[in-house]
Amino acid sequence: MSAPMTLFSDVNWQPVIDAVRQARSIVLITHCNPDGDGIGSQMALYDALIAAGDGRISMHNRDGVPRIYSFLEHSEQVQMGDWPSDAAKPDVIIALDCGARGRLGMPDEWFEGPTLINIDHHASNRLFGDINIVDARYCSTGAMIFDLLIAMNMPLNKARASGIYVATLTDTASFRLASTTPAVYRMAADLVEAGAEPWPISVQVYESRSLSGLHIMTACLDTLEMRDDGRSAWVYVTDDIYRKTGADVEDTEGLIDYARSIDGVEVAVFIRSDEVVAERWKVSFRGKTCVNVGALAGELGGGGHVHAAGCQLTGTLDEVRARVQVAVSRSLSSF
Ligand SMILES: [Mn+2]
């Protein structure tokens, strides 16, 4: 096995390496409602950092670890919920795959004191860290961790490779998006060589739906609306649908992809009610060929990538739909 090559050799990881070496305690955190990239990156970096064996590394996500990613090694180590106000503060907080500090879901006081390291690949990242390694050339934050491990001289093992593989599998829509460059496939080869198992991982991530997950899928697809002369497809999950199906937000993962999969659709829109706050809606966008949905979401106060993005809006469903419709139609008007 030849030594893995970095995806990008011009990224300066030294500030991260120095901060980590000097820290007595480090917390790794990812965004609310974490996805495969956030969790996979977190598990891979955790495994590398604990290799020193001194127990100073911990993980804390407001929303824990989704069931489909809980097979990854160390996922049971993640503490969830609000940060206990009486807990000692770490020296360093590493935020992974998160475009804005508010998306970490932690109180402002939590960030007073520790050095905040922001490692992310969202073009819309607000550069909220003391140290920001933000690079939208990367297909996933997991791929950034791949390069960081090489910079740290940490070899791959099964745990690290599996985390980075899950991160990249999910953020490239199974190695299908334009971000899947030759270098990404070379990285994938290194990951599989180091012990990441493509089919068992796919079974965990894509072939382990709950029955209520199937029910919410049919209920959600029943709401399908075609707009913009068939170039946008819209699906919804309301409180009522959550109640009827007994499903939860994790079960809505991937439903928007069915809307995008329709021939001729350029923008897919998924609007779901917030689990906690009434009249607040999470809006997700997926783009196919021409529309940059990251820019579209940015217009509505959110952010993301060219093919996948989102925002949060408040109001009735009709009000939210009307606001989103204006932005979607505008984004399609030049094509
Ligand atoms: Mn990501």
# chains A, B, ... in the order shown; residues from 1 in each chain; ligands from 1
call {"tool": "select_by_dssp", "arguments": {"residues": "segment 86-284 of chain A", "states": "strand (DSSP E)", "output": "number ranges by chain"}}
result
A: 92-96, 115-120, 131-134, 225-227, 232-237, 267-273, 280-284
call {"tool": "closest_atom_pairs", "arguments": {"of": "chain A", "to": "ligand 1", "cutoff": "8 Å", "atoms": "only C-alpha atoms and all ligand atoms", "output": "JSON lines"}}
result
{"residue": "A:Asp35", "atom": "CA", "partner": "ligand 1", "partner_atom_place_in_ligand_line": "1 (Mn)", "distance": 7.8}
{"residue": "A:Gly36", "atom": "CA", "partner": "ligand 1", "partner_atom_place_in_ligand_line": "1 (Mn)", "distance": 7.9}
{"residue": "A:Asp37", "atom": "CA", "partner": "ligand 1", "partner_atom_place_in_ligand_line": "1 (Mn)", "distance": 4.9}
{"residue": "A:Gly38", "atom": "CA", "partner": "ligand 1", "partner_atom_place_in_ligand_line": "1 (Mn)", "distance": 6.4}
{"residue": "A:Asp97", "atom": "CA", "partner": "ligand 1", "partner_atom_place_in_ligand_line": "1 (Mn)", "distance": 5.1}
{"residue": "A:Cys98", "atom": "CA", "partner": "ligand 1", "partner_atom_place_in_ligand_line": "1 (Mn)", "distance": 7.7}
{"residue": "A:Asp120", "atom": "CA", "partner": "ligand 1", "partner_atom_place_in_ligand_line": "1 (Mn)", "distance": 7.2}
{"residue": "A:His121", "atom": "CA", "partner": "ligand 1", "partner_atom_place_in_ligand_line": "1 (Mn)", "distance": 6.4}
{"residue": "A:His122", "atom": "CA", "partner": "ligand 1", "partner_atom_place_in_ligand_line": "1 (Mn)", "distance": 7.0}
{"residue": "A:Cys139", "atom": "CA", "partner": "ligand 1", "partner_atom_place_in_ligand_line": "1 (Mn)", "distance": 7.4}
{"residue": "A:Ser140", "atom": "CA", "partner": "ligand 1", "partner_atom_place_in_ligand_line": "1 (Mn)", "distance": 4.7}
{"residue": "A:Thr141", "atom": "CA", "partner": "ligand 1", "partner_atom_place_in_ligand_line": "1 (Mn)", "distance": 5.2}
{"residue": "A:Gly142", "atom": "CA", "partner": "ligand 1", "partner_atom_place_in_ligand_line": "1 (Mn)", "distance": 7.6}
{"residue": "A:Ala167", "atom": "CA", "partner": "ligand 1", "partner_atom_place_in_ligand_line": "1 (Mn)", "distance": 7.3}
{"residue": "A:Asp171", "atom": "CA", "partner": "ligand 1", "partner_atom_place_in_ligand_line": "1 (Mn)", "distance": 5.7}
call {"tool": "write_last_selection", "arguments": {"atoms": "C-alpha atoms", "output": "tab-separated table (two decimals), in the first residue's frame"}}
result
chain	number	residue	atom	x	y	z
A	35	ASP	CA	-25.46	14.37	8.84
A	36	GLY	CA	-23.02	11.70	7.72
A	37	ASP	CA	-20.29	14.22	6.99
A	38	GLY	CA	-20.47	15.84	10.43
A	97	ASP	CA	-18.83	20.72	8.89
A	98	CYS	CA	-20.65	23.74	10.30
A	120	ASP	CA	-15.54	23.16	7.06
A	121	HIS	CA	-16.14	23.07	3.30
A	122	HIS	CA	-19.26	25.26	2.96
A	139	CYS	CA	-16.28	17.47	-1.40
A	140	SER	CA	-16.73	16.79	2.32
A	141	THR	CA	-15.37	17.83	5.69
A	142	GLY	CA	-14.33	14.18	5.99
A	167	ALA	CA	-18.62	11.48	5.39
A	171	ASP	CA	-21.84	14.40	0.99
call {"tool": "residues_around", "arguments": {"residues": "segment 76-93 of chain A", "least_positions_apart": "4", "cutoff": "7 Å", "atoms": "only C-alpha atoms", "output": "list of chain:residue names"}}
result
A:Ala23, A:Arg24, A:Ser25, A:Ile26, A:Val27, A:Leu28, A:Met59, A:His60, A:Asn61, A:Arg62, A:Asp63, A:Gly64, A:Met106, A:Pro114, A:Thr115, A:Leu116, A:Ile117
call {"tool": "write_last_selection", "arguments": {"atoms": "N, CA and C atoms", "output": "CSV table (one decimal), in the first residue's frame"}}
result
chain,number,residue,atom,x,y,z
A,23,ALA,N,-3.2,21.9,23.6
A,23,ALA,CA,-4.4,21.8,24.4
A,23,ALA,C,-4.4,20.7,25.4
A,24,ARG,N,-4.9,21.0,26.6
A,24,ARG,CA,-5.1,19.9,27.6
A,24,ARG,C,-6.4,19.2,27.5
A,25,SER,N,-7.4,20.0,26.9
A,25,SER,CA,-8.7,19.3,26.7
A,25,SER,C,-9.3,19.9,25.4
A,26,ILE,N,-10.0,19.0,24.7
A,26,ILE,CA,-10.5,19.3,23.3
A,26,ILE,C,-11.9,18.7,23.2
A,27,VAL,N,-12.8,19.5,22.7
A,27,VAL,CA,-14.2,19.0,22.4
A,27,VAL,C,-14.4,19.1,20.9
A,28,LEU,N,-14.9,18.0,20.4
A,28,LEU,CA,-15.2,17.9,18.9
A,28,LEU,C,-16.7,18.1,18.9
A,59,MET,N,-16.5,14.5,22.9
A,59,MET,CA,-17.4,14.9,21.8
A,59,MET,C,-18.8,15.3,22.4
A,60,HIS,N,-19.3,16.4,21.8
A,60,HIS,CA,-20.6,16.8,22.3
A,60,HIS,C,-21.4,17.4,21.1
A,61,ASN,N,-22.6,16.8,20.8
A,61,ASN,CA,-23.5,17.3,19.7
A,61,ASN,C,-24.8,17.6,20.4
A,62,ARG,N,-25.4,18.7,20.1
A,62,ARG,CA,-26.7,19.0,20.7
A,62,ARG,C,-27.7,17.8,20.4
A,63,ASP,N,-27.6,17.3,19.1
A,63,ASP,CA,-28.6,16.3,18.8
A,63,ASP,C,-28.0,14.9,18.7
A,64,GLY,N,-26.9,14.7,19.3
A,64,GLY,CA,-26.3,13.3,19.4
A,64,GLY,C,-25.9,12.8,18.0
A,106,MET,N,-25.2,25.7,20.5
A,106,MET,CA,-24.7,25.9,21.9
A,106,MET,C,-24.8,27.3,22.3
A,114,PRO,N,-12.4,29.2,25.3
A,114,PRO,CA,-11.7,28.2,24.4
A,114,PRO,C,-11.3,28.8,23.1
A,115,THR,N,-10.2,28.2,22.5
A,115,THR,CA,-9.9,28.5,21.1
A,115,THR,C,-10.8,27.7,20.2
A,116,LEU,N,-11.5,28.4,19.3
A,116,LEU,CA,-12.5,27.8,18.5
A,116,LEU,C,-11.9,27.5,17.1
A,117,ILE,N,-11.8,26.2,16.7
A,117,ILE,CA,-11.3,25.9,15.4
A,117,ILE,C,-12.4,25.5,14.5
call {"tool": "residues_around", "arguments": {"residues": "Asp18 of chain A", "least_positions_apart": "2", "cutoff": "12 Å", "atoms": "only C-alpha atoms", "output": "VMD selection string"}}
result
chain A and resid 12 to 16 20 to 23 92 115 117 131 151 to 152
call {"tool": "closest_residue", "arguments": {"among": "A:Ala159, A:Thr180, A:Val65, A:Gly102", "to": "Arg137 of chain A", "atoms": "only C-alpha atoms"}}
result
A:Thr180
call {"tool": "residues_around", "arguments": {"residues": "Glu275 of chain A", "least_positions_apart": "6", "cutoff": "10 Å", "atoms": "only C-alpha atoms", "output": "MDAnalysis selection string"}}
result
chainID A and resid 238:239 242 248:249 281:282
call {"tool": "write_last_selection", "arguments": {"atoms": "N, CA and C atoms", "output": "compact mmCIF listing (two decimals), in the first residue's frame"}}
result
# COMPACT_ATOMS: atom_id res chain seq x y z
N THR A 238 -45.34 18.04 7.38
CA THR A 238 -45.97 18.90 8.39
C THR A 238 -46.03 18.17 9.73
N ASP A 239 -46.40 18.90 10.78
CA ASP A 239 -46.59 18.27 12.10
C ASP A 239 -47.57 17.11 12.00
N TYR A 242 -45.88 14.04 10.72
CA TYR A 242 -45.07 13.43 11.78
C TYR A 242 -45.96 12.63 12.73
N ASP A 248 -39.70 10.40 12.76
CA ASP A 248 -39.06 11.62 13.25
C ASP A 248 -38.17 12.21 12.16
N VAL A 249 -37.49 13.28 12.52
CA VAL A 249 -36.75 14.04 11.51
C VAL A 249 -35.68 13.20 10.82
N TRP A 281 -39.87 26.65 9.95
CA TRP A 281 -39.75 25.64 8.90
C TRP A 281 -38.31 25.50 8.45
N LYS A 282 -37.90 24.27 8.25
CA LYS A 282 -36.58 23.99 7.67
C LYS A 282 -36.79 23.77 6.18
call {"tool": "closest_residue", "arguments": {"among": "A:Val328, A:Met144, A:Met217, A:Ala196", "to": "Val11 of chain A", "atoms": "only C-alpha atoms"}}
result
A:Met144
call {"tool": "atom_distance", "arguments": {"atom1": "atom CA of Ala183 of chain A", "atom2": "atom CA of Leu156 of chain A"}}
result
16.7 Å
